[in-house]
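The data block below is input_14.pdb; it holds PDB, C-alpha atoms.
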```
ATOM      1  CA  MET A   1       8.220 -70.213 -50.271
ATOM      2  CA  ALA A   2      10.377 -72.653 -52.246
ATOM      3  CA  ASP A   3      12.341 -74.109 -49.311
ATOM      4  CA  PHE A   4      14.527 -76.299 -51.514
ATOM      5  CA  LEU A   5      16.176 -73.096 -52.799
ATOM      6  CA  LEU A   6      17.620 -72.441 -49.338
ATOM      7  CA  THR A   7      19.891 -75.472 -49.719
ATOM      8  CA  ARG A   8      22.610 -75.657 -52.372
ATOM      9  CA  PRO A   9      21.965 -78.250 -55.062
ATOM     10  CA  PRO A  10      24.834 -80.565 -56.101
ATOM     11  CA  PRO A  11      27.557 -78.446 -57.776
ATOM     12  CA  GLU A  12      26.983 -80.333 -61.027
ATOM     13  CA  VAL A  13      23.494 -78.761 -61.260
ATOM     14  CA  ILE A  14      24.898 -75.224 -61.089
ATOM     15  CA  GLY A  15      27.692 -76.201 -63.496
ATOM     16  CA  LEU A  16      25.101 -77.561 -65.916
ATOM     17  CA  LEU A  17      23.123 -74.295 -65.797
ATOM     18  CA  LEU A  18      26.223 -72.124 -66.318
ATOM     19  CA  GLY A  19      27.487 -74.397 -69.110
ATOM     20  CA  PHE A  20      24.048 -74.095 -70.723
ATOM     21  CA  CYS A  21      24.439 -70.291 -70.661
ATOM     22  CA  VAL A  22      27.872 -70.523 -72.369
ATOM     23  CA  VAL A  23      26.469 -72.692 -75.166
ATOM     24  CA  GLY A  24      23.213 -70.733 -75.366
ATOM     25  CA  VAL A  25      24.899 -67.344 -75.820
ATOM     26  CA  LEU A  26      27.151 -68.856 -78.483
ATOM     27  CA  ALA A  27      24.239 -70.567 -80.271
ATOM     28  CA  THR A  28      22.030 -67.490 -80.356
ATOM     29  CA  LEU A  29      24.336 -64.449 -80.386
ATOM     30  CA  ASN A  30      27.634 -66.015 -81.504
ATOM     31  CA  GLN A  31      29.263 -64.308 -78.539
ATOM     32  CA  GLN A  32      31.312 -65.288 -75.503
ATOM     33  CA  LEU A  33      29.684 -64.496 -72.191
ATOM     34  CA  GLY A  34      31.273 -62.553 -69.365
ATOM     35  CA  ALA A  35      30.162 -60.432 -66.433
ATOM     36  CA  VAL A  36      32.806 -57.708 -66.142
ATOM     37  CA  GLY A  37      32.041 -56.808 -69.766
ATOM     38  CA  GLY A  38      28.548 -55.846 -68.584
ATOM     39  CA  TYR A  39      29.862 -53.291 -66.105
ATOM     40  CA  SER A  40      32.247 -52.043 -68.774
ATOM     41  CA  ALA A  41      29.460 -51.744 -71.370
ATOM     42  CA  VAL A  42      27.370 -49.614 -68.988
ATOM     43  CA  TYR A  43      30.353 -47.410 -68.098
ATOM     44  CA  GLU A  44      31.370 -46.941 -71.740
ATOM     45  CA  ARG A  45      27.801 -46.009 -72.709
ATOM     46  CA  VAL A  46      27.341 -43.583 -69.803
ATOM     47  CA  THR A  47      30.648 -41.861 -70.565
ATOM     48  CA  ARG A  48      29.727 -41.810 -74.292
ATOM     49  CA  ARG A  49      32.670 -43.908 -75.377
ATOM     50  CA  THR A  50      30.124 -46.024 -77.268
ATOM     51  CA  SER A  51      26.899 -44.989 -78.941
ATOM     52  CA  VAL A  52      24.945 -48.132 -78.057
ATOM     53  CA  LEU A  53      24.597 -50.198 -74.915
ATOM     54  CA  GLY A  54      26.490 -53.444 -75.526
ATOM     55  CA  TRP A  55      24.686 -56.797 -75.164
ATOM     56  CA  LYS A  56      26.781 -57.684 -72.111
ATOM     57  CA  ALA A  57      25.047 -54.878 -70.207
ATOM     58  CA  TRP A  58      21.765 -56.704 -70.815
ATOM     59  CA  PHE A  59      23.381 -59.944 -69.696
ATOM     60  CA  LEU A  60      24.429 -58.203 -66.464
ATOM     61  CA  GLY A  61      20.885 -56.839 -66.095
ATOM     62  CA  GLY A  62      19.671 -60.423 -66.439
ATOM     63  CA  ILE A  63      22.002 -61.521 -63.631
ATOM     64  CA  LEU A  64      20.373 -58.892 -61.415
ATOM     65  CA  LEU A  65      16.883 -60.056 -62.422
ATOM     66  CA  GLY A  66      17.687 -63.746 -61.967
ATOM     67  CA  SER A  67      19.184 -63.125 -58.528
ATOM     68  CA  LEU A  68      16.174 -61.009 -57.569
ATOM     69  CA  ALA A  69      13.833 -63.785 -58.739
ATOM     70  CA  PHE A  70      15.836 -66.248 -56.641
ATOM     71  CA  ARG A  71      15.565 -63.996 -53.592
ATOM     72  CA  LEU A  72      11.795 -63.667 -54.002
ATOM     73  CA  LEU A  73      11.251 -67.393 -54.578
ATOM     74  CA  ALA A  74      13.577 -68.457 -51.763
ATOM     75  CA  GLY A  75      11.731 -66.128 -49.405
ATOM     76  CA  GLU A  76      14.854 -64.999 -47.574
ATOM     77  CA  ASN A  77      18.357 -63.749 -48.098
ATOM     78  CA  THR A  78      20.869 -66.596 -48.444
ATOM     79  CA  VAL A  79      23.865 -64.298 -48.009
ATOM     80  CA  GLY A  80      23.466 -63.663 -44.280
ATOM     81  CA  ASP A  81      24.136 -60.597 -42.168
ATOM     82  CA  GLY A  82      27.300 -58.552 -42.470
ATOM     83  CA  TYR A  83      29.948 -59.219 -45.070
ATOM     84  CA  GLY A  84      32.034 -62.283 -44.284
ATOM     85  CA  TRP A  85      35.451 -61.953 -42.701
ATOM     86  CA  LEU A  86      35.592 -58.219 -43.365
ATOM     87  CA  THR A  87      32.723 -57.233 -41.044
ATOM     88  CA  ARG A  88      33.894 -59.759 -38.429
ATOM     89  CA  GLU A  89      37.402 -58.302 -38.310
ATOM     90  CA  PHE A  90      36.911 -54.605 -39.045
ATOM     91  CA  ALA A  91      34.627 -51.753 -38.063
ATOM     92  CA  ASP A  92      32.076 -50.797 -40.716
ATOM     93  CA  TRP A  93      33.928 -47.577 -41.581
ATOM     94  CA  ALA A  94      36.985 -49.643 -42.549
ATOM     95  CA  VAL A  95      35.085 -52.296 -44.521
ATOM     96  CA  ALA A  96      33.783 -49.865 -47.135
ATOM     97  CA  PRO A  97      37.219 -48.709 -48.399
ATOM     98  CA  LEU A  98      38.512 -52.297 -48.351
ATOM     99  CA  LEU A  99      35.606 -53.371 -50.578
ATOM    100  CA  VAL A 100      36.269 -50.410 -52.899
ATOM    101  CA  ILE A 101      39.971 -51.317 -53.125
ATOM    102  CA  GLY A 102      39.108 -54.973 -53.761
ATOM    103  CA  GLY A 103      36.582 -53.887 -56.376
ATOM    104  CA  VAL A 104      39.151 -51.698 -58.156
ATOM    105  CA  MET A 105      41.492 -54.698 -58.349
ATOM    106  CA  ILE A 106      38.673 -56.888 -59.689
ATOM    107  CA  GLY A 107      37.628 -54.346 -62.340
ATOM    108  CA  TYR A 108      41.104 -53.345 -63.452
ATOM    109  CA  GLY A 109      42.517 -56.864 -63.255
ATOM    110  CA  ALA A 110      39.657 -58.460 -65.163
ATOM    111  CA  LYS A 111      39.854 -55.873 -67.949
ATOM    112  CA  ARG A 112      43.604 -56.324 -68.239
ATOM    113  CA  ALA A 113      43.329 -60.130 -68.181
ATOM    114  CA  GLY A 114      40.596 -60.062 -70.831
ATOM    115  CA  GLY A 115      37.898 -61.416 -68.558
ATOM    116  CA  CYS A 116      36.678 -62.397 -65.101
ATOM    117  CA  THR A 117      35.788 -65.723 -63.494
ATOM    118  CA  ALA A 118      32.913 -66.213 -65.929
ATOM    119  CA  ALA A 119      34.607 -64.974 -69.111
ATOM    120  CA  ASN A 120      38.013 -66.605 -68.590
ATOM    121  CA  GLY A 121      37.311 -69.250 -65.954
ATOM    122  CA  ILE A 122      34.241 -70.813 -67.558
ATOM    123  CA  CYS A 123      33.687 -69.548 -71.105
ATOM    124  CA  GLY A 124      37.255 -69.010 -72.352
ATOM    125  CA  THR A 125      38.501 -72.322 -70.989
ATOM    126  CA  ALA A 126      35.488 -74.161 -72.477
ATOM    127  CA  LEU A 127      36.392 -72.686 -75.867
ATOM    128  CA  GLY A 128      40.015 -73.797 -75.489
ATOM    129  CA  SER A 129      41.680 -70.390 -75.201
ATOM    130  CA  ALA A 130      45.236 -70.814 -73.896
ATOM    131  CA  ALA A 131      45.133 -67.243 -72.530
ATOM    132  CA  SER A 132      42.028 -68.100 -70.496
ATOM    133  CA  PHE A 133      43.709 -71.201 -69.051
ATOM    134  CA  VAL A 134      46.722 -69.110 -68.014
ATOM    135  CA  ALA A 135      44.532 -66.330 -66.574
ATOM    136  CA  THR A 136      42.316 -68.822 -64.717
ATOM    137  CA  GLY A 137      45.278 -70.709 -63.282
ATOM    138  CA  THR A 138      46.830 -67.431 -62.186
ATOM    139  CA  PHE A 139      43.794 -65.928 -60.482
ATOM    140  CA  MET A 140      42.915 -69.216 -58.775
ATOM    141  CA  VAL A 141      46.427 -69.656 -57.353
ATOM    142  CA  VAL A 142      46.675 -66.002 -56.289
ATOM    143  CA  ALA A 143      43.169 -65.918 -54.739
ATOM    144  CA  ILE A 144      43.776 -69.157 -52.828
ATOM    145  CA  GLY A 145      47.224 -67.977 -51.679
ATOM    146  CA  VAL A 146      46.006 -64.555 -50.530
ATOM    147  CA  THR A 147      43.012 -66.106 -48.743
ATOM    148  CA  PHE A 148      45.320 -68.465 -46.842
ATOM    149  CA  LEU A 149      47.547 -65.480 -46.022
ATOM    150  CA  ILE A 150      44.599 -63.447 -44.717
ATOM    151  CA  ASP A 151      43.466 -66.480 -42.706
ATOM    152  CA  ALA A 152      46.914 -66.814 -41.135
ATOM    153  CA  VAL A 153      47.098 -63.116 -40.260
ATOM    154  CA  ILE A 154      43.638 -62.864 -38.670
ATOM    155  CA  ALA A 155      43.865 -66.231 -36.854
TER
ATOM    156  CA  MET B   1      15.549 -59.530 -79.502
ATOM    157  CA  THR B   2      19.280 -59.583 -78.689
ATOM    158  CA  ARG B   3      18.550 -57.691 -75.487
ATOM    159  CA  ALA B   4      15.833 -60.142 -74.421
ATOM    160  CA  VAL B   5      17.985 -63.194 -75.152
ATOM    161  CA  ALA B   6      21.036 -61.734 -73.376
ATOM    162  CA  SER B   7      18.858 -60.809 -70.385
ATOM    163  CA  GLY B   8      17.312 -64.296 -70.370
ATOM    164  CA  PHE B   9      20.649 -66.092 -70.253
ATOM    165  CA  GLY B  10      21.842 -63.565 -67.675
ATOM    166  CA  ALA B  11      18.779 -64.372 -65.552
ATOM    167  CA  VAL B  12      19.566 -68.113 -65.665
ATOM    168  CA  PHE B  13      23.176 -67.292 -64.752
ATOM    169  CA  GLY B  14      22.145 -65.025 -61.858
ATOM    170  CA  PHE B  15      19.591 -67.516 -60.521
ATOM    171  CA  ALA B  16      22.177 -70.317 -60.665
ATOM    172  CA  ILE B  17      24.966 -68.467 -58.838
ATOM    173  CA  SER B  18      22.502 -67.334 -56.171
ATOM    174  CA  TRP B  19      21.218 -70.910 -55.692
ATOM    175  CA  GLY B  20      24.790 -72.173 -55.473
ATOM    176  CA  GLN B  21      25.367 -69.476 -52.797
ATOM    177  CA  PHE B  22      28.302 -67.948 -54.683
ATOM    178  CA  THR B  23      26.859 -64.638 -53.490
ATOM    179  CA  ASP B  24      27.806 -65.511 -49.892
ATOM    180  CA  PRO B  25      31.342 -64.258 -49.062
ATOM    181  CA  ASP B  26      31.743 -66.891 -46.329
ATOM    182  CA  ARG B  27      30.894 -69.707 -48.764
ATOM    183  CA  LEU B  28      33.393 -68.371 -51.295
ATOM    184  CA  ARG B  29      36.036 -68.089 -48.585
ATOM    185  CA  GLU B  30      35.552 -71.741 -47.594
ATOM    186  CA  MET B  31      36.079 -72.673 -51.244
ATOM    187  CA  LEU B  32      39.256 -70.556 -51.522
ATOM    188  CA  LEU B  33      40.541 -72.094 -48.270
ATOM    189  CA  LEU B  34      40.054 -75.473 -49.954
ATOM    190  CA  GLN B  35      37.598 -76.527 -47.242
ATOM    191  CA  ASP B  36      34.777 -76.966 -49.764
ATOM    192  CA  PRO B  37      35.241 -78.398 -53.298
ATOM    193  CA  TYR B  38      31.908 -76.982 -54.543
ATOM    194  CA  LEU B  39      33.420 -74.201 -56.695
ATOM    195  CA  TYR B  40      35.868 -76.534 -58.394
ATOM    196  CA  VAL B  41      33.302 -79.252 -59.203
ATOM    197  CA  MET B  42      30.901 -76.586 -60.496
ATOM    198  CA  MET B  43      33.571 -75.023 -62.729
ATOM    199  CA  ALA B  44      34.681 -78.404 -64.084
ATOM    200  CA  THR B  45      31.078 -79.285 -64.958
ATOM    201  CA  ALA B  46      30.369 -75.920 -66.590
ATOM    202  CA  VAL B  47      33.570 -76.042 -68.648
ATOM    203  CA  THR B  48      32.818 -79.604 -69.774
ATOM    204  CA  ILE B  49      29.273 -78.693 -70.853
ATOM    205  CA  GLY B  50      30.561 -75.588 -72.638
ATOM    206  CA  PHE B  51      33.412 -77.507 -74.284
ATOM    207  CA  VAL B  52      31.154 -80.261 -75.644
ATOM    208  CA  GLY B  53      28.276 -77.950 -76.621
ATOM    209  CA  ALA B  54      30.472 -75.455 -78.470
ATOM    210  CA  ARG B  55      32.225 -78.158 -80.453
ATOM    211  CA  LEU B  56      28.945 -79.829 -81.368
ATOM    212  CA  LEU B  57      27.708 -76.499 -82.740
ATOM    213  CA  ARG B  58      30.896 -75.992 -84.739
ATOM    214  CA  ARG B  59      30.969 -79.561 -86.041
ATOM    215  CA  ARG B  60      27.403 -79.161 -87.332
ATOM    216  CA  HIS B  61      28.404 -75.876 -89.034
ATOM    217  CA  ALA B  62      25.575 -74.245 -87.096
ATOM    218  CA  ARG B  63      24.633 -70.608 -87.522
ATOM    219  CA  ALA B  64      23.708 -68.354 -84.619
ATOM    220  CA  LEU B  65      19.940 -68.236 -84.258
ATOM    221  CA  LEU B  66      19.684 -64.453 -83.990
ATOM    222  CA  THR B  67      22.566 -63.192 -86.098
ATOM    223  CA  GLY B  68      22.632 -65.920 -88.749
ATOM    224  CA  THR B  69      26.426 -65.871 -88.692
ATOM    225  CA  PRO B  70      28.445 -69.110 -88.677
ATOM    226  CA  ILE B  71      29.308 -70.038 -85.100
ATOM    227  CA  ARG B  72      33.017 -69.651 -84.555
ATOM    228  CA  TRP B  73      35.348 -68.183 -82.026
ATOM    229  CA  THR B  74      38.907 -67.084 -81.764
ATOM    230  CA  THR B  75      41.351 -68.134 -79.082
ATOM    231  CA  THR B  76      44.092 -65.943 -77.685
ATOM    232  CA  ARG B  77      47.713 -66.800 -76.985
ATOM    233  CA  PRO B  78      48.790 -66.006 -73.423
ATOM    234  CA  GLU B  79      50.520 -62.672 -72.938
ATOM    235  CA  ARG B  80      52.013 -60.901 -69.941
ATOM    236  CA  ARG B  81      48.792 -58.921 -69.453
ATOM    237  CA  HIS B  82      46.825 -62.116 -68.818
ATOM    238  CA  VAL B  83      49.117 -63.097 -65.941
ATOM    239  CA  VAL B  84      49.447 -59.598 -64.451
ATOM    240  CA  GLY B  85      45.733 -58.808 -64.819
ATOM    241  CA  ALA B  86      44.649 -62.170 -63.413
ATOM    242  CA  ALA B  87      47.025 -61.794 -60.443
ATOM    243  CA  ILE B  88      45.542 -58.373 -59.606
ATOM    244  CA  PHE B  89      42.048 -59.824 -60.073
ATOM    245  CA  GLY B  90      42.919 -62.721 -57.759
ATOM    246  CA  VAL B  91      43.931 -60.385 -54.930
ATOM    247  CA  GLY B  92      40.670 -58.449 -55.309
ATOM    248  CA  TRP B  93      38.726 -61.713 -55.339
ATOM    249  CA  ALA B  94      40.418 -62.852 -52.102
ATOM    250  CA  ILE B  95      39.778 -59.528 -50.317
ATOM    251  CA  THR B  96      36.105 -59.275 -51.262
ATOM    252  CA  ASP B  97      35.378 -63.017 -51.561
ATOM    253  CA  SER B  98      33.394 -62.118 -54.633
ATOM    254  CA  CYS B  99      33.716 -61.442 -58.363
ATOM    255  CA  PRO B 100      31.680 -59.487 -60.952
ATOM    256  CA  ALA B 101      28.641 -61.766 -61.390
ATOM    257  CA  PRO B 102      28.155 -62.613 -57.680
ATOM    258  CA  ILE B 103      28.549 -58.923 -56.777
ATOM    259  CA  ALA B 104      25.511 -58.163 -58.962
ATOM    260  CA  GLY B 105      23.737 -61.108 -57.321
ATOM    261  CA  GLN B 106      24.510 -59.680 -53.885
ATOM    262  CA  LEU B 107      23.005 -56.342 -54.840
ATOM    263  CA  ALA B 108      19.831 -58.006 -56.127
ATOM    264  CA  GLN B 109      19.581 -59.938 -52.850
ATOM    265  CA  GLY B 110      19.741 -56.704 -50.886
ATOM    266  CA  VAL B 111      23.363 -56.855 -49.687
ATOM    267  CA  LEU B 112      24.148 -53.147 -49.649
ATOM    268  CA  TRP B 113      27.856 -53.716 -48.972
ATOM    269  CA  SER B 114      28.048 -54.753 -52.634
ATOM    270  CA  LEU B 115      27.526 -51.115 -53.635
ATOM    271  CA  PHE B 116      31.081 -50.367 -52.443
ATOM    272  CA  THR B 117      32.493 -53.307 -54.406
ATOM    273  CA  ILE B 118      30.551 -52.251 -57.505
ATOM    274  CA  ALA B 119      31.890 -48.696 -57.147
ATOM    275  CA  GLY B 120      35.377 -50.177 -57.001
ATOM    276  CA  VAL B 121      34.814 -52.379 -60.066
ATOM    277  CA  VAL B 122      33.619 -49.371 -62.081
ATOM    278  CA  LEU B 123      36.607 -47.319 -60.877
ATOM    279  CA  GLY B 124      38.934 -50.134 -61.910
ATOM    280  CA  ILE B 125      37.361 -50.308 -65.367
ATOM    281  CA  ALA B 126      37.638 -46.515 -65.719
ATOM    282  CA  LEU B 127      41.295 -46.690 -64.700
ATOM    283  CA  PHE B 128      41.980 -49.421 -67.239
ATOM    284  CA  LEU B 129      40.216 -47.588 -70.082
ATOM    285  CA  ARG B 130      41.964 -44.317 -69.228
ATOM    286  CA  ARG B 131      45.349 -46.047 -69.125
ATOM    287  CA  ALA B 132      44.625 -47.868 -72.390
ATOM    288  CA  ARG B 133      43.701 -44.576 -74.077
ATOM    289  CA  VAL B 134      46.825 -42.822 -72.811
ATOM    290  CA  THR B 135      48.973 -45.725 -74.022
ATOM    291  CA  THR B 136      47.278 -45.665 -77.438
ATOM    292  CA  HIS B 137      47.762 -41.900 -77.771
ATOM    293  CA  ALA B 138      51.415 -42.201 -76.777
ATOM    294  CA  ARG B 139      52.134 -44.653 -79.607
TER
END
```
Could you take the file, read its structure, and then write that structure out as structure tokens?
Amino acid sequence: MADFLLTRPPPEVIGLLLGFCVVGVLATLNQQLGAVGGYSAVYERVTRRTSVLGWKAWFLGGILLGSLAFRLLAGENTVGDGYGWLTREFADWAVAPLLVIGGVMIGYGAKRAGGCTAANGICGTALGSAASFVATGTFMVVAIGVTFLIDAVIA
Amino acid sequence: MTRAVASGFGAVFGFAISWGQFTDPDRLREMLLLQDPYLYVMMATAVTIGFVGARLLRRRHARALLTGTPIRWTTTRPERRHVVGAAIFGVGWAITDSCPAPIAGQLAQGVLWSLFTIAGVVLGIALFLRRARVTTHAR
């Protein structure tokens, strides 16, 4: 298949593509992109909090499609077996609840902070939102600090 | 048309994060351990492109192609919720070595572990919405 997809391109290429998405969504829909909003849109529609499926749900659906297209074109999974440090350090039965707990923190935290890595870290900062700069600085520092802490504990 | 356009940009986004291997927890961990600058260079590039592109659109008084509305956006002043929410998010990010878009990418690439993370994300959203509703009703 397309072997070049198995190697990461320079980070500027990925940044260019994601920046293009920020500008493209603004230029066509006059909206600010984000990923956690997609999960939220699906949940709010399923639980009948909203009467229509928000556009971010379609954006999230696109992420699934784009990743699937990548997988098919690349010819193999680029994620690898297992799940990072979790499956190296813990039995499978313990990994599942840890991922659920981590996921709860991601979902709740992103909603409370008004966005995730994409919405605050890329889009909000590009649009000059002070709240996004504060949120991005906070989650970067905390994520780096906790990762170093985990690394020290499991070493 | 809105659905198709949103899906199209989402597809570019998903393809890009998969190609950049942001779907790989080990790659993300290397970035958070500051062993690999890839994430930071990518984010700086994306923010720069977004910053320049958005301001060009606004300077030209452009209208959104699908909605016809003048392109503008509002910015938010930082509040306590941004710090608290982002701190909680950061812990979740460090545990799972993933965040909402890459989790969807993992699922599409057949990483079934992502189903647990997705379940957690949805639970977290439900918790937030429930709490927000209770707070609103209490006022």
Shell of 10 Å around A:Phe4, only C-alpha atoms, local chain residues under 3 positions omitted, as JSON, numbers by chain: {"A": [1, 7, 8, 9, 73, 74], "B": [19]}
Can you write out the residues you just picked, keeping C-alpha atoms, as a PDB file, keeping the file's coordinate frame?
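Result written to part-v4.pdb:
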```pdb
ATOM      1  CA  MET A   1       8.220 -70.213 -50.271  1.00  0.00           C
ATOM      2  CA  THR A   7      19.891 -75.472 -49.719  1.00  0.00           C
ATOM      3  CA  ARG A   8      22.610 -75.657 -52.372  1.00  0.00           C
ATOM      4  CA  PRO A   9      21.965 -78.250 -55.062  1.00  0.00           C
ATOM      5  CA  LEU A  73      11.251 -67.393 -54.578  1.00  0.00           C
ATOM      6  CA  ALA A  74      13.577 -68.457 -51.763  1.00  0.00           C
TER       7      ALA A  74
ATOM      8  CA  TRP B  19      21.218 -70.910 -55.692  1.00  0.00           C
TER       9      TRP B  19
END
```
Ground truth for the PyMOL selection byres ((chain A) within 6 of (chain B)), written as a PyMOL selection string: chain A and resi 8+11-12+14-16+18-19+21-23+27-30+35-36+58-59+62-68+70-71+79+84+96+99-100+102-110+112-113+122+126-127+129-131+135+138-139+142-144+147
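The coordinates place atom CA of A:Leu26 at 22.2 Å from atom CA of A:Val134.
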Point-to-point distance from atom CA of A:Leu5 to atom CA of A:Gly75, Å rounded to tenths: 8.9 Å
In Å, with one decimal, what is the gap from atom CA of A:Val46 to atom CA of B:Arg131? 18.2 Å
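Candidate residues A:Ser132, A:Thr78, A:Gln32, A:Gly24 were compared for distance to A:Asp3, and the nearest is A:Thr78, using all atoms listed in the file.
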What are the centre and edge lengths in Å, to one decimal, of the axis-aligned box around all listed atoms of stretch 94-108 of chain A with 4 Å added on each side, as JSON?
```
{"center_x": 37.6, "center_y": -52.8, "center_z": -53.0, "size_x": 15.7, "size_y": 16.2, "size_z": 28.9}
```
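The nearest approach to A:Ala69 among the residues A:Cys123, A:Ile101, A:Ala2, A:Val95, with all atoms listed in the file taken into account, belongs to A:Ala2.
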